[in-house]
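J.: Following this message is one structure expressed as structure tokens.
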Amino acid sequence: PLLRRSFLPNLGARSLLSTLALLEQRGGQLNRGSLSAVSAAKKLGGPVHGFLAGENVTGAAEEAAKVHGIEKILAVDNEAYEKGLPENFAPLLAENIKKGGYTHVIASHTAFGKNLMPRVAALLDLQQISDVVDIADESSFVRPIYAGNAIATVESMDPIKVITIRGTAFPASEGSSGTAAVVKGVDPQQGSSTEWVSEELTKSDRPELSTASKVVSGGRGLKSKQDFDNVILPLADALGAAVGASRAAVDSGYADNSLQVGQTGKVVAPQLYMAVGISGAIQHLAGMKDSKVIAAINKDADAPIFQVADVGLVGDLFQKVPELTEKLKP
Ligand code: FAD
């Protein structure tokens, strides 16, 4: 168990419980995946406020205000926060947490959340609690350890719990009937020595891997990038699925880094996960074993992937996948 006393004053009675949920936006568009933080916050009970910052965030804030269960949106309109640089964003969020007197702060365990929340916790002299998949009570949180092979329940004695949650464990809050007030958050406008220079974004017309309802992933069994593109992509398109990959496929250059599923890649839990030419190493399973239906195609009947698969096909993927794709074509 995580038992640590903080130097901050204890906030005391349970009735004071209130949660700030970090919402993500880009270019004024609310990232609806980040509404998982709201679902987790609702599970704690007590009032839930949302926090958004960036350039021209009014539209995203108004959209978030309609989400069921949020009482208030704190919005900070300042282009300094648009790119989500954690060096700028952490002092901003810490100030808003202090001003609002929150007992819990929740962000999704995304690249942004993972980058930001440890810094926020450090600024407040707190211990961060990562990758939570369930909330046992206001101080106890359930999280996977050892690449998902064991589940730990950790207890935090800190007066403010700074948490990241696994999005797949908390379906994003929906609803459009909410009437949260949108108010200005505090903006400390602290300068930072870190400057945003540029970014190169991978663009794809396919569904986003983390939130797709179907995923087709390819592994080292594909043998080359060309084969990955010729075999995996048509199947994904026939199913309307996102494309994923094992780390071996990414390291071999068959697929882009952003497509890696697993312990050091993305965690997905779609309705259907198809593993093609993937052996099923524990580090890969850590990223997909909570999928509703797992289908595996592998020529080795003893491959570990078949131990977690609901449906298995033993055969040569270069023959089986094109056949399947042909049958699935409208
Ligand atoms: P392999 O294990 O080589 O499996 C290839 C499979 O393809 C085999 O089962 C084979 O039978 C099958 N095959 C070959 N040819 C055919 C064919 N013609 N038809 C049908 N089947 C065929 N891995 C991840 O995926 N994600 C991670 O996030 C991740 N993080 C890691 C973190 C750490 C710290 C470490 C140490 C490892 C991590 N790994 C991760 C790597 C992991 O241990 C495995 O090495 C990797 O998942 C193997 O990828 P693979 O299944 O594609 O390749």
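Chains: A, B, ... in order of the structure tokens. Residues: from 1 per chain. Ligands: from 1, in order shown.
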So which residues are near ligand 1, meaning at most 10 Å away with only C-alpha atoms and all ligand atoms counted, given back as a ChimeraX atom specification?
T.: /A:147,217-223,244-252,259-267,275-288,296-306,313-321
J.: Residues of range 79-313 of chain A in strand (DSSP E or B) according to DSSP, as an MDAnalysis selection string?
T.: chainID A and resid 104:108 128:132 134:135 140:145 150:155 161:165 181:184 214:218 242:245 260:261 266 272:276 293:298 311:313
J.: Output as a tab-separated table one row per residue of range 149-197 of chain A within 7 Å of range 85-93 of chain A: the closest atom pair and its distance in Å to one decimal place, counting only C-alpha atoms, sorted by chain and residue number ascending.
T.:
```
residue	atom	partner	partner_atom	distance
A:Asp187	CA	A:Leu92	CA	6.2
A:Pro188	CA	A:Leu92	CA	6.1
A:Ser192	CA	A:Asn88	CA	6.1
A:Thr194	CA	A:Glu87	CA	6.8
```
J.: Go through A:Gly167, A:Phe228, A:Gly175, A:Gly54 one by one, measure the shortest atom-to-atom distance of each to Ala111 in chain A using only C-alpha atoms, and give the residue with the smallest value.
T.: A:Gly167
J.: Given only C-alpha atoms as the basis, pick out the residue of A:Pro322, A:Pro171, A:Pro330, A:Pro270 nearest to Asn230 in chain A.
T.: A:Pro322
J.: Applying 6 Å and only C-alpha atoms, which residues near Val57 in chain A remain after dropping the ones on its own chain fewer than 3 positions away? List them as a compact mmCIF listing (two decimals) with C-alpha atoms, in the first residue's frame.
T.:
```txt
# COMPACT_ATOMS: atom_id res chain seq x y z
CA GLY A 28 -10.91 24.64 -29.53
CA GLY A 54 -5.76 26.85 -24.26
CA ALA A 60 -14.91 23.49 -25.99
CA ALA A 61 -15.88 24.80 -22.52
CA ASP A 77 -8.15 31.30 -22.35
```
J.: Could you please write out, as an mmCIF file with N, CA, C and O atoms, in the first residue's frame, every residue of range 89-306 of chain A that DSSP assigns to helix (DSSP H, G or I)?
T.:
```
data_model
loop_
_atom_site.group_PDB
_atom_site.id
_atom_site.type_symbol
_atom_site.label_atom_id
_atom_site.label_comp_id
_atom_site.auth_asym_id
_atom_site.auth_seq_id
_atom_site.Cartn_x
_atom_site.Cartn_y
_atom_site.Cartn_z
ATOM 1 N N PHE A 89 1.723 24.312 -17.991
ATOM 2 C CA PHE A 89 0.396 23.861 -17.586
ATOM 3 C C PHE A 89 0.373 23.418 -16.118
ATOM 4 O O PHE A 89 -0.635 23.594 -15.430
ATOM 5 N N ALA A 90 1.481 22.845 -15.635
ATOM 6 C CA ALA A 90 1.477 22.314 -14.258
ATOM 7 C C ALA A 90 1.259 23.414 -13.220
ATOM 8 O O ALA A 90 0.389 23.269 -12.353
ATOM 9 N N PRO A 91 2.000 24.558 -13.297
ATOM 10 C CA PRO A 91 1.723 25.614 -12.314
ATOM 11 C C PRO A 91 0.297 26.160 -12.435
ATOM 12 O O PRO A 91 -0.329 26.501 -11.436
ATOM 13 N N LEU A 92 -0.207 26.204 -13.683
ATOM 14 C CA LEU A 92 -1.580 26.691 -13.898
ATOM 15 C C LEU A 92 -2.585 25.790 -13.182
ATOM 16 O O LEU A 92 -3.451 26.264 -12.433
ATOM 17 N N LEU A 93 -2.455 24.487 -13.412
ATOM 18 C CA LEU A 93 -3.411 23.556 -12.803
ATOM 19 C C LEU A 93 -3.253 23.550 -11.285
ATOM 20 O O LEU A 93 -4.246 23.556 -10.545
ATOM 21 N N ALA A 94 -1.999 23.593 -10.819
ATOM 22 C CA ALA A 94 -1.764 23.579 -9.358
ATOM 23 C C ALA A 94 -2.433 24.786 -8.699
ATOM 24 O O ALA A 94 -3.051 24.662 -7.640
ATOM 25 N N GLU A 95 -2.342 25.949 -9.342
ATOM 26 C CA GLU A 95 -2.961 27.149 -8.766
ATOM 27 C C GLU A 95 -4.468 26.988 -8.679
ATOM 28 O O GLU A 95 -5.103 27.389 -7.698
ATOM 29 N N ASN A 96 -5.050 26.430 -9.723
ATOM 30 C CA ASN A 96 -6.508 26.260 -9.744
ATOM 31 C C ASN A 96 -6.972 25.222 -8.725
ATOM 32 O O ASN A 96 -8.053 25.342 -8.163
ATOM 33 N N ILE A 97 -6.132 24.210 -8.492
ATOM 34 C CA ILE A 97 -6.471 23.196 -7.475
ATOM 35 C C ILE A 97 -6.466 23.861 -6.096
ATOM 36 O O ILE A 97 -7.378 23.687 -5.301
ATOM 37 N N LYS A 98 -5.419 24.649 -5.841
ATOM 38 C CA LYS A 98 -5.308 25.300 -4.529
ATOM 39 C C LYS A 98 -6.485 26.268 -4.314
ATOM 40 O O LYS A 98 -7.110 26.282 -3.273
ATOM 41 N N LYS A 99 -6.767 27.055 -5.355
ATOM 42 C CA LYS A 99 -7.824 28.065 -5.214
ATOM 43 C C LYS A 99 -9.179 27.389 -4.991
ATOM 44 O O LYS A 99 -10.004 27.849 -4.201
ATOM 45 N N GLY A 100 -9.406 26.283 -5.689
ATOM 46 C CA GLY A 100 -10.724 25.622 -5.611
ATOM 47 C C GLY A 100 -10.859 24.709 -4.396
ATOM 48 O O GLY A 100 -11.957 24.254 -4.090
ATOM 49 N N ALA A 111 -0.976 10.642 -23.022
ATOM 50 C CA ALA A 111 0.369 11.229 -23.081
ATOM 51 C C ALA A 111 0.377 12.558 -22.319
ATOM 52 O O ALA A 111 1.303 12.848 -21.552
ATOM 53 N N PHE A 112 -0.680 13.344 -22.501
ATOM 54 C CA PHE A 112 -0.775 14.656 -21.836
ATOM 55 C C PHE A 112 -0.899 14.491 -20.316
ATOM 56 O O PHE A 112 -0.161 15.106 -19.544
ATOM 57 N N GLY A 113 -1.816 13.624 -19.890
ATOM 58 C CA GLY A 113 -2.033 13.402 -18.455
ATOM 59 C C GLY A 113 -0.792 12.848 -17.774
ATOM 60 O O GLY A 113 -0.423 13.264 -16.678
ATOM 61 N N LYS A 114 -0.116 11.919 -18.465
ATOM 62 C CA LYS A 114 1.072 11.282 -17.886
ATOM 63 C C LYS A 114 2.229 12.286 -17.751
ATOM 64 O O LYS A 114 3.063 12.177 -16.876
ATOM 65 N N ASN A 115 2.256 13.225 -18.683
ATOM 66 C CA ASN A 115 3.312 14.233 -18.696
ATOM 67 C C ASN A 115 3.061 15.295 -17.625
ATOM 68 O O ASN A 115 3.990 15.812 -17.003
ATOM 69 N N LEU A 116 1.791 15.596 -17.420
ATOM 70 C CA LEU A 116 1.415 16.729 -16.569
ATOM 71 C C LEU A 116 1.282 16.394 -15.088
ATOM 72 O O LEU A 116 1.800 17.112 -14.217
ATOM 73 N N MET A 117 0.564 15.328 -14.784
ATOM 74 C CA MET A 117 0.112 15.130 -13.403
ATOM 75 C C MET A 117 1.240 14.885 -12.388
ATOM 76 O O MET A 117 1.142 15.342 -11.252
ATOM 77 N N PRO A 118 2.328 14.174 -12.767
ATOM 78 C CA PRO A 118 3.408 14.054 -11.771
ATOM 79 C C PRO A 118 3.987 15.410 -11.399
ATOM 80 O O PRO A 118 4.371 15.641 -10.255
ATOM 81 N N ARG A 119 4.039 16.315 -12.360
ATOM 82 C CA ARG A 119 4.569 17.656 -12.067
ATOM 83 C C ARG A 119 3.618 18.417 -11.150
ATOM 84 O O ARG A 119 4.050 19.130 -10.243
ATOM 85 N N VAL A 120 2.312 18.265 -11.407
ATOM 86 C CA VAL A 120 1.314 18.935 -10.563
ATOM 87 C C VAL A 120 1.436 18.398 -9.134
ATOM 88 O O VAL A 120 1.451 19.165 -8.168
ATOM 89 N N ALA A 121 1.539 17.063 -9.025
ATOM 90 C CA ALA A 121 1.660 16.445 -7.697
ATOM 91 C C ALA A 121 2.921 16.962 -6.994
ATOM 92 O O ALA A 121 2.890 17.291 -5.800
ATOM 93 N N ALA A 122 4.025 17.055 -7.735
ATOM 94 C CA ALA A 122 5.277 17.517 -7.122
ATOM 95 C C ALA A 122 5.136 18.963 -6.645
ATOM 96 O O ALA A 122 5.586 19.306 -5.553
ATOM 97 N N LEU A 123 4.492 19.801 -7.442
ATOM 98 C CA LEU A 123 4.325 21.206 -7.045
ATOM 99 C C LEU A 123 3.509 21.326 -5.763
ATOM 100 O O LEU A 123 3.691 22.251 -4.986
ATOM 101 N N GLY A 167 -8.448 5.249 -19.387
ATOM 102 C CA GLY A 167 -9.690 5.627 -20.080
ATOM 103 C C GLY A 167 -10.591 4.441 -20.368
ATOM 104 O O GLY A 167 -11.819 4.551 -20.274
ATOM 105 N N THR A 168 -9.998 3.286 -20.686
ATOM 106 C CA THR A 168 -10.825 2.142 -21.067
ATOM 107 C C THR A 168 -11.618 1.589 -19.873
ATOM 108 O O THR A 168 -12.557 0.834 -20.053
ATOM 109 N N ALA A 169 -11.228 1.953 -18.664
ATOM 110 C CA ALA A 169 -11.932 1.453 -17.474
ATOM 111 C C ALA A 169 -13.094 2.358 -17.065
ATOM 112 O O ALA A 169 -13.923 1.975 -16.233
ATOM 113 N N ARG A 220 4.960 -9.307 -35.840
ATOM 114 C CA ARG A 220 6.173 -9.635 -36.586
ATOM 115 C C ARG A 220 5.901 -10.669 -37.677
ATOM 116 O O ARG A 220 6.630 -10.765 -38.652
ATOM 117 N N GLY A 221 4.816 -11.437 -37.499
ATOM 118 C CA GLY A 221 4.438 -12.439 -38.495
ATOM 119 C C GLY A 221 4.181 -11.847 -39.872
ATOM 120 O O GLY A 221 4.188 -12.570 -40.875
ATOM 121 N N LEU A 222 3.982 -10.522 -39.941
ATOM 122 C CA LEU A 222 3.727 -9.886 -41.243
ATOM 123 C C LEU A 222 4.977 -9.813 -42.116
ATOM 124 O O LEU A 222 4.889 -9.617 -43.316
ATOM 125 N N LYS A 225 7.004 -4.180 -44.003
ATOM 126 C CA LYS A 225 6.051 -3.060 -44.016
ATOM 127 C C LYS A 225 5.057 -3.225 -45.164
ATOM 128 O O LYS A 225 3.864 -2.971 -45.022
ATOM 129 N N GLN A 226 5.596 -3.655 -46.294
ATOM 130 C CA GLN A 226 4.740 -3.816 -47.472
ATOM 131 C C GLN A 226 3.633 -4.844 -47.202
ATOM 132 O O GLN A 226 2.468 -4.616 -47.519
ATOM 133 N N ASP A 227 4.019 -5.954 -46.571
ATOM 134 C CA ASP A 227 3.022 -6.974 -46.261
ATOM 135 C C ASP A 227 2.038 -6.483 -45.196
ATOM 136 O O ASP A 227 0.859 -6.791 -45.242
ATOM 137 N N PHE A 228 2.573 -5.714 -44.227
ATOM 138 C CA PHE A 228 1.684 -5.136 -43.209
ATOM 139 C C PHE A 228 0.613 -4.283 -43.911
ATOM 140 O O PHE A 228 -0.589 -4.421 -43.655
ATOM 141 N N ASP A 229 1.058 -3.412 -44.819
ATOM 142 C CA ASP A 229 0.127 -2.521 -45.525
ATOM 143 C C ASP A 229 -0.837 -3.316 -46.409
ATOM 144 O O ASP A 229 -2.019 -2.997 -46.499
ATOM 145 N N ASN A 230 -0.330 -4.363 -47.071
ATOM 146 C CA ASN A 230 -1.167 -5.105 -48.023
ATOM 147 C C ASN A 230 -2.136 -6.066 -47.352
ATOM 148 O O ASN A 230 -3.152 -6.440 -47.940
ATOM 149 N N VAL A 231 -1.806 -6.502 -46.128
ATOM 150 C CA VAL A 231 -2.645 -7.514 -45.470
ATOM 151 C C VAL A 231 -3.523 -6.889 -44.380
ATOM 152 O O VAL A 231 -4.731 -7.133 -44.323
ATOM 153 N N ILE A 232 -2.900 -6.068 -43.505
ATOM 154 C CA ILE A 232 -3.632 -5.537 -42.341
ATOM 155 C C ILE A 232 -4.577 -4.400 -42.732
ATOM 156 O O ILE A 232 -5.740 -4.367 -42.316
ATOM 157 N N LEU A 233 -4.094 -3.462 -43.557
ATOM 158 C CA LEU A 233 -4.910 -2.280 -43.853
ATOM 159 C C LEU A 233 -6.222 -2.627 -44.569
ATOM 160 O O LEU A 233 -7.279 -2.120 -44.195
ATOM 161 N N PRO A 234 -6.216 -3.528 -45.593
ATOM 162 C CA PRO A 234 -7.507 -3.855 -46.223
ATOM 163 C C PRO A 234 -8.492 -4.517 -45.253
ATOM 164 O O PRO A 234 -9.697 -4.249 -45.312
ATOM 165 N N LEU A 235 -7.976 -5.360 -44.342
ATOM 166 C CA LEU A 235 -8.877 -5.982 -43.369
ATOM 167 C C LEU A 235 -9.463 -4.915 -42.439
ATOM 168 O O LEU A 235 -10.665 -4.912 -42.156
ATOM 169 N N ALA A 236 -8.608 -4.005 -41.988
ATOM 170 C CA ALA A 236 -9.086 -2.923 -41.118
ATOM 171 C C ALA A 236 -10.136 -2.091 -41.848
ATOM 172 O O ALA A 236 -11.183 -1.748 -41.279
ATOM 173 N N ASP A 237 -9.899 -1.799 -43.114
ATOM 174 C CA ASP A 237 -10.856 -0.983 -43.868
ATOM 175 C C ASP A 237 -12.175 -1.726 -44.072
ATOM 176 O O ASP A 237 -13.253 -1.135 -43.982
ATOM 177 N N ALA A 238 -12.087 -3.042 -44.339
ATOM 178 C CA ALA A 238 -13.319 -3.815 -44.539
ATOM 179 C C ALA A 238 -14.161 -3.844 -43.259
ATOM 180 O O ALA A 238 -15.386 -3.890 -43.314
ATOM 181 N N LEU A 239 -13.486 -3.796 -42.111
ATOM 182 C CA LEU A 239 -14.200 -3.826 -40.824
ATOM 183 C C LEU A 239 -14.516 -2.424 -40.294
ATOM 184 O O LEU A 239 -15.221 -2.281 -39.301
ATOM 185 N N ARG A 247 4.889 -4.355 -30.604
ATOM 186 C CA ARG A 247 6.141 -3.594 -30.543
ATOM 187 C C ARG A 247 7.160 -4.146 -31.542
ATOM 188 O O ARG A 247 7.903 -3.379 -32.143
ATOM 189 N N ALA A 248 7.161 -5.458 -31.730
ATOM 190 C CA ALA A 248 8.106 -6.036 -32.691
ATOM 191 C C ALA A 248 7.823 -5.487 -34.089
ATOM 192 O O ALA A 248 8.755 -5.196 -34.855
ATOM 193 N N ALA A 249 6.540 -5.329 -34.440
ATOM 194 C CA ALA A 249 6.182 -4.783 -35.756
ATOM 195 C C ALA A 249 6.610 -3.323 -35.865
ATOM 196 O O ALA A 249 7.116 -2.882 -36.911
ATOM 197 N N VAL A 250 6.439 -2.575 -34.782
ATOM 198 C CA VAL A 250 6.839 -1.160 -34.791
ATOM 199 C C VAL A 250 8.367 -1.057 -34.876
ATOM 200 O O VAL A 250 8.907 -0.319 -35.702
ATOM 201 N N ASP A 251 9.054 -1.843 -34.039
ATOM 202 C CA ASP A 251 10.527 -1.779 -34.026
ATOM 203 C C ASP A 251 11.121 -2.215 -35.367
ATOM 204 O O ASP A 251 12.193 -1.770 -35.764
ATOM 205 N N ASN A 257 5.024 4.179 -34.835
ATOM 206 C CA ASN A 257 5.108 4.129 -33.375
ATOM 207 C C ASN A 257 3.773 4.397 -32.668
ATOM 208 O O ASN A 257 3.460 3.799 -31.637
ATOM 209 N N SER A 258 2.991 5.316 -33.259
ATOM 210 C CA SER A 258 1.721 5.706 -32.623
ATOM 211 C C SER A 258 0.713 4.560 -32.610
ATOM 212 O O SER A 258 -0.322 4.644 -31.961
ATOM 213 N N LEU A 259 1.013 3.478 -33.354
ATOM 214 C CA LEU A 259 0.061 2.358 -33.441
ATOM 215 C C LEU A 259 0.375 1.247 -32.441
ATOM 216 O O LEU A 259 -0.357 0.262 -32.357
ATOM 217 N N ILE A 282 3.341 -11.035 -22.737
ATOM 218 C CA ILE A 282 2.562 -10.360 -21.679
ATOM 219 C C ILE A 282 2.540 -8.847 -21.878
ATOM 220 O O ILE A 282 1.552 -8.212 -21.556
ATOM 221 N N GLN A 283 3.633 -8.308 -22.420
ATOM 222 C CA GLN A 283 3.661 -6.846 -22.608
ATOM 223 C C GLN A 283 2.649 -6.411 -23.666
ATOM 224 O O GLN A 283 2.157 -5.297 -23.647
ATOM 225 N N HIS A 284 2.338 -7.295 -24.626
ATOM 226 C CA HIS A 284 1.299 -6.954 -25.603
ATOM 227 C C HIS A 284 -0.082 -7.139 -24.967
ATOM 228 O O HIS A 284 -0.954 -6.266 -25.107
ATOM 229 N N LEU A 285 -0.248 -8.240 -24.237
ATOM 230 C CA LEU A 285 -1.544 -8.512 -23.599
ATOM 231 C C LEU A 285 -1.944 -7.377 -22.656
ATOM 232 O O LEU A 285 -3.126 -7.057 -22.524
ATOM 233 N N ILE A 305 -1.143 -16.208 -27.507
ATOM 234 C CA ILE A 305 -2.307 -15.361 -27.809
ATOM 235 C C ILE A 305 -3.602 -16.174 -27.755
ATOM 236 O O ILE A 305 -4.664 -15.665 -27.387
ATOM 237 N N PHE A 306 -3.500 -17.481 -28.069
ATOM 238 C CA PHE A 306 -4.719 -18.311 -28.079
ATOM 239 C C PHE A 306 -5.253 -18.550 -26.665
ATOM 240 O O PHE A 306 -6.401 -18.937 -26.503
#
```
J.: Skipping near chain neighbours, those fewer than 6 positions away, what residues fall within 6 Å of Ala75 in chain A using only C-alpha atoms, listed as a short mmCIF file (atom, residue, chain, number, x, y, z; two decimals) with N, CA and C atoms, in the first residue's frame?
T.:
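Output file out22.cif follows:
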```cif
data_model
loop_
_atom_site.label_atom_id
_atom_site.label_comp_id
_atom_site.auth_asym_id
_atom_site.auth_seq_id
_atom_site.Cartn_x
_atom_site.Cartn_y
_atom_site.Cartn_z
N PHE A 51 -11.83 21.27 -15.94
CA PHE A 51 -10.82 22.30 -16.16
C PHE A 51 -10.31 22.22 -17.60
N LEU A 52 -10.27 23.36 -18.26
CA LEU A 52 -9.82 23.42 -19.66
C LEU A 52 -8.95 24.66 -19.84
N ALA A 53 -7.87 24.54 -20.60
CA ALA A 53 -7.08 25.74 -20.89
C ALA A 53 -6.50 25.65 -22.29
N LYS A 184 -14.12 31.72 -15.38
CA LYS A 184 -12.67 31.86 -15.66
C LYS A 184 -11.86 31.24 -14.53
N GLY A 185 -10.91 30.41 -14.89
CA GLY A 185 -9.98 29.89 -13.89
C GLY A 185 -8.90 30.92 -13.62
#
```
J.: When you count only C-alpha atoms, which of these residues is closest to Ser39 in chain A: A:Ile160, A:Val293, A:Ala107, A:Val186?
T.: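 Among the listed residues, the smallest separation from Ser39 in chain A belongs to A:Ala107.
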J.: Go through range 149-241 of chain A and flag each residue having an atom no more than 9 Å from range 139-144 of chain A; for those, report the closest pair of atoms plus their distance in Å to one decimal, using only C-alpha atoms, ordered by chain and rising number, as a Markdown table.
T.:
```
| residue | atom | partner | partner_atom | distance |
| --- | --- | --- | --- | --- |
| A:Asn149 | CA | A:Pro144 | CA | 7.2 |
| A:Ala150 | CA | A:Pro144 | CA | 5.9 |
| A:Ile151 | CA | A:Pro144 | CA | 4.4 |
| A:Ala152 | CA | A:Arg143 | CA | 5.4 |
| A:Thr153 | CA | A:Val142 | CA | 4.4 |
| A:Val154 | CA | A:Phe141 | CA | 5.4 |
| A:Glu155 | CA | A:Ser140 | CA | 4.4 |
| A:Ser156 | CA | A:Ser139 | CA | 5.4 |
| A:Met157 | CA | A:Ser139 | CA | 7.0 |
| A:Asp158 | CA | A:Ser139 | CA | 8.5 |
| A:Lys161 | CA | A:Ser139 | CA | 7.7 |
| A:Ile165 | CA | A:Arg143 | CA | 8.8 |
| A:Arg166 | CA | A:Arg143 | CA | 8.9 |
```
J.: Output the selection as a short mmCIF file (atom, residue, chain, number, x, y, z; two decimals), in the first residue's frame - N, CA and C atoms for each residue.
T.:
```
data_model
loop_
_atom_site.label_atom_id
_atom_site.label_comp_id
_atom_site.auth_asym_id
_atom_site.auth_seq_id
_atom_site.Cartn_x
_atom_site.Cartn_y
_atom_site.Cartn_z
N ASN A 149 -0.39 -8.13 -14.64
CA ASN A 149 -0.48 -9.48 -14.10
C ASN A 149 -0.97 -9.51 -12.66
N ALA A 150 -0.94 -8.38 -11.99
CA ALA A 150 -1.49 -8.30 -10.63
C ALA A 150 -2.22 -6.97 -10.49
N ILE A 151 -3.19 -6.96 -9.61
CA ILE A 151 -3.97 -5.75 -9.38
C ILE A 151 -3.72 -5.32 -7.94
N ALA A 152 -3.29 -4.08 -7.76
CA ALA A 152 -3.00 -3.57 -6.42
C ALA A 152 -4.07 -2.57 -6.02
N THR A 153 -4.47 -2.60 -4.74
CA THR A 153 -5.31 -1.52 -4.22
C THR A 153 -4.41 -0.67 -3.34
N VAL A 154 -4.25 0.58 -3.73
CA VAL A 154 -3.35 1.47 -2.99
C VAL A 154 -4.18 2.49 -2.22
N GLU A 155 -3.66 2.84 -1.03
CA GLU A 155 -4.37 3.82 -0.21
C GLU A 155 -3.50 5.06 -0.08
N SER A 156 -4.08 6.21 -0.29
CA SER A 156 -3.32 7.44 -0.19
C SER A 156 -3.80 8.23 1.02
N MET A 157 -2.85 8.71 1.83
CA MET A 157 -3.19 9.54 3.00
C MET A 157 -3.08 11.03 2.64
N ASP A 158 -2.68 11.34 1.42
CA ASP A 158 -2.52 12.74 1.04
C ASP A 158 -3.85 13.48 1.11
N LYS A 161 -5.79 14.03 -3.66
CA LYS A 161 -5.37 12.87 -4.45
C LYS A 161 -5.22 13.32 -5.90
N ILE A 165 -6.37 8.18 -14.65
CA ILE A 165 -7.21 6.99 -14.78
C ILE A 165 -7.07 6.40 -16.18
N ARG A 166 -7.19 5.08 -16.24
CA ARG A 166 -7.13 4.39 -17.53
C ARG A 166 -8.48 4.61 -18.23
#
```
J.: Identify, on the basis of only C-alpha atoms, every residue whose closest approach to Lys72 in chain A does not exceed 8 Å; exclude the query and any residue fewer than 3 positions from it along the same chain; express the result as a PyMOL selection string.
T.: chain A and resi 48-50+65+180-183
J.: Restricted to all heavy atoms, what would the selected residues look like written as a JSON list (two decimals), in the first residue's frame?
T.:
```json
[["chain", "number", "residue", "atom", "x", "y", "z"],
["A", 48, "VAL", "N", -18.39, 17.83, -9.12],
["A", 48, "VAL", "CA", -17.34, 17.63, -10.14],
["A", 48, "VAL", "C", -17.22, 18.92, -10.95],
["A", 48, "VAL", "O", -18.20, 19.41, -11.50],
["A", 48, "VAL", "CB", -17.70, 16.46, -11.08],
["A", 48, "VAL", "CG1", -16.64, 16.32, -12.16],
["A", 48, "VAL", "CG2", -17.88, 15.16, -10.30],
["A", 49, "HIS", "N", -16.03, 19.47, -10.99],
["A", 49, "HIS", "CA", -15.75, 20.61, -11.86],
["A", 49, "HIS", "C", -14.81, 20.16, -12.97],
["A", 49, "HIS", "O", -14.00, 19.26, -12.76],
["A", 49, "HIS", "CB", -15.12, 21.76, -11.08],
["A", 49, "HIS", "CG", -16.00, 22.33, -10.01],
["A", 49, "HIS", "ND1", -15.59, 23.29, -9.13],
["A", 49, "HIS", "CD2", -17.30, 22.08, -9.71],
["A", 49, "HIS", "CE1", -16.59, 23.62, -8.32],
["A", 49, "HIS", "NE2", -17.64, 22.88, -8.65],
["A", 50, "GLY", "N", -14.91, 20.77, -14.14],
["A", 50, "GLY", "CA", -14.02, 20.45, -15.24],
["A", 50, "GLY", "C", -13.02, 21.58, -15.43],
["A", 50, "GLY", "O", -13.32, 22.74, -15.12],
["A", 65, "ALA", "N", -19.70, 21.92, -20.79],
["A", 65, "ALA", "CA", -20.70, 22.33, -19.80],
["A", 65, "ALA", "C", -22.00, 21.55, -19.96],
["A", 65, "ALA", "O", -22.79, 21.46, -19.03],
["A", 65, "ALA", "CB", -20.97, 23.83, -19.95],
["A", 180, "ALA", "N", -23.78, 23.19, -16.75],
["A", 180, "ALA", "CA", -22.70, 23.70, -15.89],
["A", 180, "ALA", "C", -22.40, 25.16, -16.22],
["A", 180, "ALA", "O", -22.51, 25.58, -17.38],
["A", 180, "ALA", "CB", -21.45, 22.85, -16.10],
["A", 181, "ALA", "N", -22.02, 25.91, -15.19],
["A", 181, "ALA", "CA", -21.59, 27.29, -15.42],
["A", 181, "ALA", "C", -20.15, 27.28, -15.93],
["A", 181, "ALA", "O", -19.36, 26.45, -15.50],
["A", 181, "ALA", "CB", -21.64, 28.06, -14.11],
["A", 182, "VAL", "N", -19.85, 28.16, -16.88],
["A", 182, "VAL", "CA", -18.46, 28.29, -17.35],
["A", 182, "VAL", "C", -17.88, 29.54, -16.70],
["A", 182, "VAL", "O", -18.40, 30.63, -16.88],
["A", 182, "VAL", "CB", -18.40, 28.39, -18.89],
["A", 182, "VAL", "CG1", -16.96, 28.60, -19.34],
["A", 182, "VAL", "CG2", -19.00, 27.15, -19.55],
["A", 183, "VAL", "N", -16.82, 29.38, -15.91],
["A", 183, "VAL", "CA", -16.20, 30.53, -15.24],
["A", 183, "VAL", "C", -14.71, 30.56, -15.56],
["A", 183, "VAL", "O", -14.13, 29.55, -15.96],
["A", 183, "VAL", "CB", -16.41, 30.48, -13.71],
["A", 183, "VAL", "CG1", -17.87, 30.52, -13.33],
["A", 183, "VAL", "CG2", -15.71, 29.28, -13.10]]
```
J.: Check the smallest atom-to-atom distance from each of A:Lys289, A:Asp256, A:Asn78, A:Ser18 to Pro159 in chain A using only C-alpha atoms, then report the winner.
T.: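 Of all the options, A:Ser18 lies closest to Pro159 in chain A.
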J.: Find, counting only C-alpha atoms, the residue in A:Tyr273, A:Lys43, A:Val162, A:Ala64 that gets nearest to Ala136 in chain A.
T.: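 Of the candidates, the smallest distance to Ala136 in chain A is held by A:Lys43.
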J.: To one decimal place in Å, what is the distance between CA of Ala41 in chain A and CA of Ile106 in chain A?
T.: 6.9 Å
J.: What gap, in Å, lies between CA of Thr103 in chain A and CA of Leu35 in chain A?
T.: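 These atoms are spaced 18.9 Å apart.
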J.: Distance CA of Ala172 in chain A-CA of Gly33 in chain A, one decimal place?
T.: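 That distance, rounded to one decimal, is 5.9 Å.
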J.: Kindly provide the residues of range 101-142 of chain A that approach range 199-214 of chain A to within 12 Å, each paired with its closest atom pair and their distance in Å to one decimal, based on only C-alpha atoms, listed by chain and increasing number, as a Markdown table.
T.:
```
| residue | atom | partner | partner_atom | distance |
| --- | --- | --- | --- | --- |
| A:Ser108 | CA | A:Ser210 | CA | 11.9 |
| A:His109 | CA | A:Ser210 | CA | 11.3 |
| A:Thr110 | CA | A:Ser210 | CA | 9.6 |
| A:Ala111 | CA | A:Ser210 | CA | 11.7 |
```
J.: Which of these, A:Lys292, A:Lys329, A:Lys42, A:Arg32, has the shortest distance to Val105 in chain A once you count only C-alpha atoms?
T.: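 Closest residue, counting only C-alpha atoms: A:Lys42.
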